[in-house]
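Visitor: Would you mind keeping the following structure in view while I ask a few things?
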Amino acid sequence: MSNPVESDKKSTDTAKQEVPPPKVVSTPSSPPPAPSAPPAPPAAKLPCEFCRRILDSAENLEKHKKDEHKADLKKLQALHTLSDSIVSKIGAGSSSSFVKPRRFKISVPVKKILKTALYLRDDIGYDSVESVSGVDWPNDNQFEVVYHLTSYSIKALEDTVLALSTKVPRDNPKAPSLESVWKSSEYHERETHEMFGIIFKDHPCLDLLLLPEDWCDIPPLRKDFNLPRRTR
Amino acid sequence: MAELSSFLVLSAILFSIGVYGIISKKSAIRILISIEIMLNAVLLNFVALSSFQVLEPPLLLTGQLFAMFVITIAAAEAAVGLALMVTVYRAHQSIEVSNLKRLKG
Amino acid sequence: MSTMSLSVGPQHPGSGHFRLQLKVKGDIIVDVVPDAGYVHRGEEKMCEYRNLVQNIPHLERPVILDSVGVLYPYVLACEDLLDIEVPERAQYLRVAMAEINRIISHLYWLGIYGIFLGHSTMFMWPMGDREPFIDLAQLASGARVTFAYLVPGGVRNDVPDSFESQALKVIRYFEGRLREYDNIFFSNPLFLGRTKGVGVLTKKDAISLGAVGPTLRGSGIRSDVRKTEPYDVYDELDFDIPVLDEGDSYSRAMVAFLEMKESLKIIKQAVEKMPKGPVKVGMRGQVRLPAGESYARAEAARGAMSYYIVSDAGKFPYRIKISPPSFRNLPTIPFLLKGARLADMPVIYWGINYWPVEADR
Amino acid sequence: MSEPIENVNDFIKKVLEIAFWVLIFLPMLIFPIILIVENYLPTKISTLMANPDPEMIFALLDSDFFRVAVFPGFTFAAGFAAFIGLWERKILAKMQMRVGPLYAGKFEGILQPIADLLKLMSKEIITPRGVDKPIFWAVPLITVAIAASLLAVIPLSETSVIARTDVGVLIIFAILSFFPIAALMAGWASNSKYPLIGALRALHQMVAYEIPMILAILGVVILSSSMNLLEIVRIQENIWFLFLLPIGAVVFFITALAELERVPFDLPEAESEIVTGWLTEYSGMLFGVILGIAVYVKFYAFAALFTVFFLGGWHGPSVIPAEIWFILKTFLVITLMIIPRGVYPRIRIDIMLRAGWAKLLMLSLLNIFVALLILELGILPVR
Amino acid sequence: MIDIPFLILSVLAIVTAIMALESKEIIYGAVSLAITFLMIAGFFIILQVPFLAMFQIIINVGAVAVIILFTVMLVGTGTVVATARDRKNSIFAITVGIVFAAGLIIILSQWPGAIRAVPISLSIKEWVGGIASMLIGPFTPVFLTAALLLTAALIGALTLAKSEGTPEEVKDG
């Protein structure tokens, strides 16, 4: 039985060569592709301390580590341009929380999340949701819903994970369900709903998944569901 | 050994049980069962007569040959009858002979 | 033909702690409602009341089969937040243990797959062949099932020096056994008859349903976190990712089977290339995560697993979100079972390698 | 008998029903006792005990009752069946790199079958609610009876055979047709979903595989031009039918596996899908009787039939007595029938039906053609 | 003297025949019918025709009774409630049955013609030879029409009972 595994020497060194700027699918309404930034001279102003930290440690390493660092730096810059282009595309209210090597986070107002999701899936190429997590911020009275997106179709974005987050008021937590954009987020959203009480509008079936049918307590993962006081 | 007449009497009794069954029973399956009983009564008659009677060699075992034919045809008839019953049940949800009045399916 | 509702319940020998409500018309499954949550223990809530190191034993409890695979992303996420560099030897040890655990988990799955098909030998052989690997893991970590071997910053203890020779012996033994598995099970005409063309998952559906692991790679998508985002020393080791295109139960089983061959290669390289040196970074007693958030993923036996840790520099982590591979494979089960035959239900269900405890957390 | 009797009609019905059951079971019980009391045992035993003279013992050994009850009959078959149970588990264990039953009995678990029987006897027999009691309790009895009735016709040697009939092969076909009835009654009486599916599957499988089996045996009957099993074995004096009709042997082997519901075809009690099929509701000794005794006696009977039809019954160099030859050959066939359980998974119902109706039927027709060809060319020594 | 086996068999046959019709549940009816067929096969053995006895068991007990049991399971389990009209009807049926039986017995008991004291008992070879020669001789057309009729019945039964189609049809149906 011929071994169906084809040796992929080729793919191990893709991580090494220079990552092209994100291939933007040419849709008429897409913004002008970000200019492929020439490797900025190290002295130029660097947007965040991660780049500075990589630069400081660049000097005292031997030769082969150095070009690996150069590739990391270049990819980091590519991520910067990508996240800036997304933020500019969405416009008001959205901001890029951080850009780390291979991870970057963008927070978006609730009203625009559906539009952003469609844009991210069709134009940028993030075609699958890895996990949907709710985070409870009681002191600024908000729930934060974070979608972690990854992409199978585009090779360059394969190792990056975009965290798309939006904030929902704690008293009536309503957020549009992105099940129509990514089918795989259905069960994740159902679980976030039963754990936090966030209502996802027009979700196909929003009843309890993991909790028992007769669960009548407040959603368990909220901070005011204080475990020690309940179990004593 | 039992003589011919006792066999004939027995098959007559079985046959009349079959007749009683056909007349009095409502469920189609009971009617099919009574038909089977009548057929077997006739079968018994055939074989009894043919083994007690003496015919010339070429036609010696006609009765038993007929018995074999009767058995096979009875089996085929039972199969078709039951297939009919299944389709009737699927259409009317019941095989009470009394309420299978309407002609349409 | 009226539809009969059948519940492949939490007690059914074919489903584990998980219920599938099937509507069956004749021999065809017409409607499937998965009912998870029978063994939900609130892992994420428990994490918020334990510090960094106390979380390790209870995080690996749900998946006793693949405890290193489950802990790997948690440890990577913590190191990302703590921003510490794991020593070289610890990275090799972690990779070796992860691959040993992958083989243990795949063998368990292959065994149960055999008994589902009524093939008792295919159940007995893998169960027997797990033992040498479990002994190898016991040699390294001291435990047979829940090793708790990975800690943020490296591994708990160094391996005895007989580990390398023992590992090479087990690898030689198992390579011979894999050839026998191939001609007894995978080219067994009745096995092919039962699994070929059953529960076909196309490439597009695999992506849209968010399948991971052998289910994804069985449908022709080359995506394995060890290759797409190499963590620790995976980029220095030479191994392949088996990918098949048919997407039926046979190709999922074949992908898992070939992965075992690759894992053997990885363990051999890791054990031979392992440099001397410290096995963990001294935490100097501070087990507080600095403020910030991190998201890490690793390739567990059943597929890509990820942890999202948010911390506000308090005593305990503020929020830990676990996204296990079985939970992400859950939508594929009803999708594939609709329209399948009742006799194919175990072949499809267990082909997806769904582990109820891991999905419920 | 718990319903109160309202009117005369019910009373007559109840009397008739009791009369029916008495008339059915009375002859079954009394008849053998009459046979024993009148002809053989009590008088002979007392005199035998007094002065055991060999000639009376030989007369006893030669009597029909001994043949039915002991040697080629039920006790021998049950003992052999118990041993097969142990032998099967031992072979499977060796194939699967494990040890198999070890602790019952000194030498490698030799007493394991007895241990199983005792364990099953100690288990409580639960008859679930809503179960149709008379039929539920009758099924184990019927299964054992049918399985044992196959032994009446199988000749172990020239002398030790129970029934010397000219229609031996037809009797086997007749008994074959009883098995589906037992499965259906068990499935129906258990009054629950899984046994019903199991019973229907058993029915489909047996009907689909009975016809190729009958045609395979037909090939043998054509060659030996007689339906008397003794005759069939006598003709295989110097050449076994296995070499003349290899296709028939293969078809019979496969259909025997299907009839016995052994692994490639054990759909009716497929554990992972429908929990032990039509046997689900049985527990304790009821289960023990069916699974312990009836199934293995049937297994021995089919292996013995294979030896009679294709391996030339008791023929073999006369250094060993005929019966031992027969037992050795049956033992070989049993081992061959056990091996598929270790090698093959279960096949799906539609593959099974398609294989049964299309492929095996074709093979058995081919086999009949080969048999006629051999008859024409006169390869067999003319009788 | 009336020999014991014949007596037992005939009593059993009649009782099981009545049970087949009168039993409460149809399942008992089907089982008693199978036993009746068995008794008839017993008679054939008494009449020295073992081949036909086995033939009867294979076809009637093995196939017909199994199909009836199968259909009863699938279909006919409704309990039949006996209304007043039924009781009147059954009394009428019993009288017709008895009259019929009496008539038949009177006619059949004085059966003329050369009657042998003991049924002929032929060895299997002569018997099969006789049947075969008749089949090839005067009865060939009957034999062929029987074969045609059987295939027609087979096809008819299949088309009648064929309901839902293969998995594909069920899925989109």
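Convention: chains lettered A, B, ... in structure tokens order; per-chain residue numbering from 1; ligands numbered from 1 as shown.
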Mind the document's chain letters and residue numbers, and return as a list in words the residues of range 107-307 of chain C that DSSP labels strand (DSSP E or B).
Guide: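 Residues meeting the strand (DSSP E or B) criterion: Leu150, Val151, Gly154, Val155, Lys280, Gly292, Glu293, Ser294, Tyr295, Ala296, Arg297, Ala298, Glu299, Ala300, Gly303, Ala304, Met305, Ser306 and Tyr307 of chain C.
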Visitor: Sorted by chain and rising residue number, which residues of chain E lie within 7 Å of chain D, and what are their closest atom pairs and distances in Å to one decimal, counting only C-alpha atoms, as a tab-separated table?
Guide:
residue	atom	partner	partner_atom	distance
E:Val15	CA	D:Phe20	CA	6.8
E:Phe51	CA	D:Val167	CA	6.4
E:Met54	CA	D:Leu170	CA	6.0
E:Ile57	CA	D:Ala174	CA	5.7
E:Ile58	CA	D:Ala174	CA	4.6
E:Gly62	CA	D:Ser177	CA	4.3
E:Val66	CA	D:Ile181	CA	6.0
E:Ile124	CA	D:Asp166	CA	6.4
Visitor: Using only C-alpha atoms, find which residues of chain C lie within 10 Å of chain E and jot them down as a PyMOL selection string.
Guide: chain C and resi 1+25-30+338-341
Visitor: Tell me as a PyMOL selection string which residues belonging to chain C come within 9 Å of chain D, counting only C-alpha atoms.
Guide: chain C and resi 6+8+12-15+114-125+128+184-185+188-191+193-194+342-346
Visitor: Residues of the last selection are to be written out with C-alpha atoms, as a short mmCIF file (atom, residue, chain, number, x, y, z; two decimals), in the first residue's frame.
Guide:
data_model
loop_
_atom_site.label_atom_id
_atom_site.label_comp_id
_atom_site.auth_asym_id
_atom_site.auth_seq_id
_atom_site.Cartn_x
_atom_site.Cartn_y
_atom_site.Cartn_z
CA LEU C 6 -33.73 4.98 19.84
CA VAL C 8 -27.87 5.26 22.31
CA HIS C 12 -24.99 1.75 25.85
CA PRO C 13 -21.76 -0.23 25.36
CA GLY C 14 -21.21 1.76 22.19
CA SER C 15 -21.18 5.35 23.38
CA GLY C 114 -11.94 -3.11 16.67
CA ILE C 115 -14.46 -4.30 19.29
CA PHE C 116 -17.08 -1.96 17.74
CA LEU C 117 -16.59 -3.81 14.46
CA GLY C 118 -16.82 -7.13 16.27
CA HIS C 119 -13.15 -7.91 15.70
CA SER C 120 -11.94 -9.23 19.07
CA THR C 121 -8.30 -9.63 18.02
CA MET C 122 -8.18 -6.01 16.91
CA PHE C 123 -9.27 -5.20 20.48
CA MET C 124 -6.77 -7.42 22.27
CA TRP C 125 -3.58 -6.60 20.35
CA GLY C 128 -1.53 -5.49 24.92
CA ILE C 184 -4.37 -8.19 9.98
CA PHE C 185 -6.61 -5.13 10.27
CA ASN C 188 -8.56 -7.13 6.02
CA PRO C 189 -11.21 -7.30 3.28
CA LEU C 190 -14.13 -7.28 5.74
CA PHE C 191 -12.67 -4.27 7.60
CA GLY C 193 -15.98 -3.46 3.42
CA ARG C 194 -17.23 -2.06 6.72
CA LEU C 342 -27.92 1.93 12.06
CA ALA C 343 -25.27 -0.76 11.54
CA ASP C 344 -22.78 1.98 10.52
CA MET C 345 -23.41 4.06 13.65
CA PRO C 346 -20.52 2.64 15.73
#
Visitor: Distance cut-off 6 Å, counting only C-alpha atoms - which residues of chain A neighbour chain C? Return them as a list in words.
Guide: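 Every residue meeting the condition is included here: Val5, Ser131, Asp159, Lys183, Ser184 and Leu210 of chain A.
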Visitor: Write the selection just made, keeping N, CA, C and O atoms, as an mmCIF file, in the first residue's frame?
Guide:
data_model
loop_
_atom_site.group_PDB
_atom_site.id
_atom_site.type_symbol
_atom_site.label_atom_id
_atom_site.label_comp_id
_atom_site.auth_asym_id
_atom_site.auth_seq_id
_atom_site.Cartn_x
_atom_site.Cartn_y
_atom_site.Cartn_z
ATOM 1 N N VAL A 5 1.777 9.346 2.506
ATOM 2 C CA VAL A 5 2.319 10.582 3.098
ATOM 3 C C VAL A 5 3.382 11.146 2.146
ATOM 4 O O VAL A 5 4.364 10.459 1.840
ATOM 5 N N SER A 131 -11.989 28.821 19.161
ATOM 6 C CA SER A 131 -12.757 28.746 20.417
ATOM 7 C C SER A 131 -13.428 30.098 20.649
ATOM 8 O O SER A 131 -12.949 31.126 20.167
ATOM 9 N N ASP A 159 -0.159 30.123 10.832
ATOM 10 C CA ASP A 159 0.347 29.989 12.204
ATOM 11 C C ASP A 159 -0.068 31.179 13.060
ATOM 12 O O ASP A 159 0.303 31.268 14.217
ATOM 13 N N LYS A 183 -19.836 28.139 10.791
ATOM 14 C CA LYS A 183 -20.784 27.124 11.301
ATOM 15 C C LYS A 183 -20.221 26.480 12.577
ATOM 16 O O LYS A 183 -20.959 26.099 13.478
ATOM 17 N N SER A 184 -18.872 26.412 12.702
ATOM 18 C CA SER A 184 -18.296 25.629 13.807
ATOM 19 C C SER A 184 -18.443 26.358 15.133
ATOM 20 O O SER A 184 -18.145 25.786 16.178
ATOM 21 N N LEU A 210 -24.038 21.628 28.123
ATOM 22 C CA LEU A 210 -23.285 20.791 29.075
ATOM 23 C C LEU A 210 -23.994 20.731 30.432
ATOM 24 O O LEU A 210 -23.943 19.733 31.133
#
Visitor: Within 12 Å of Phe225 in chain A, counting only C-alpha atoms, which residues qualify if same-chain residues fewer than 6 places away don't, as a PyMOL selection string?
Guide: (chain A and resi 136+138+195-196+217-219+231) or (chain C and resi 45-46+48)
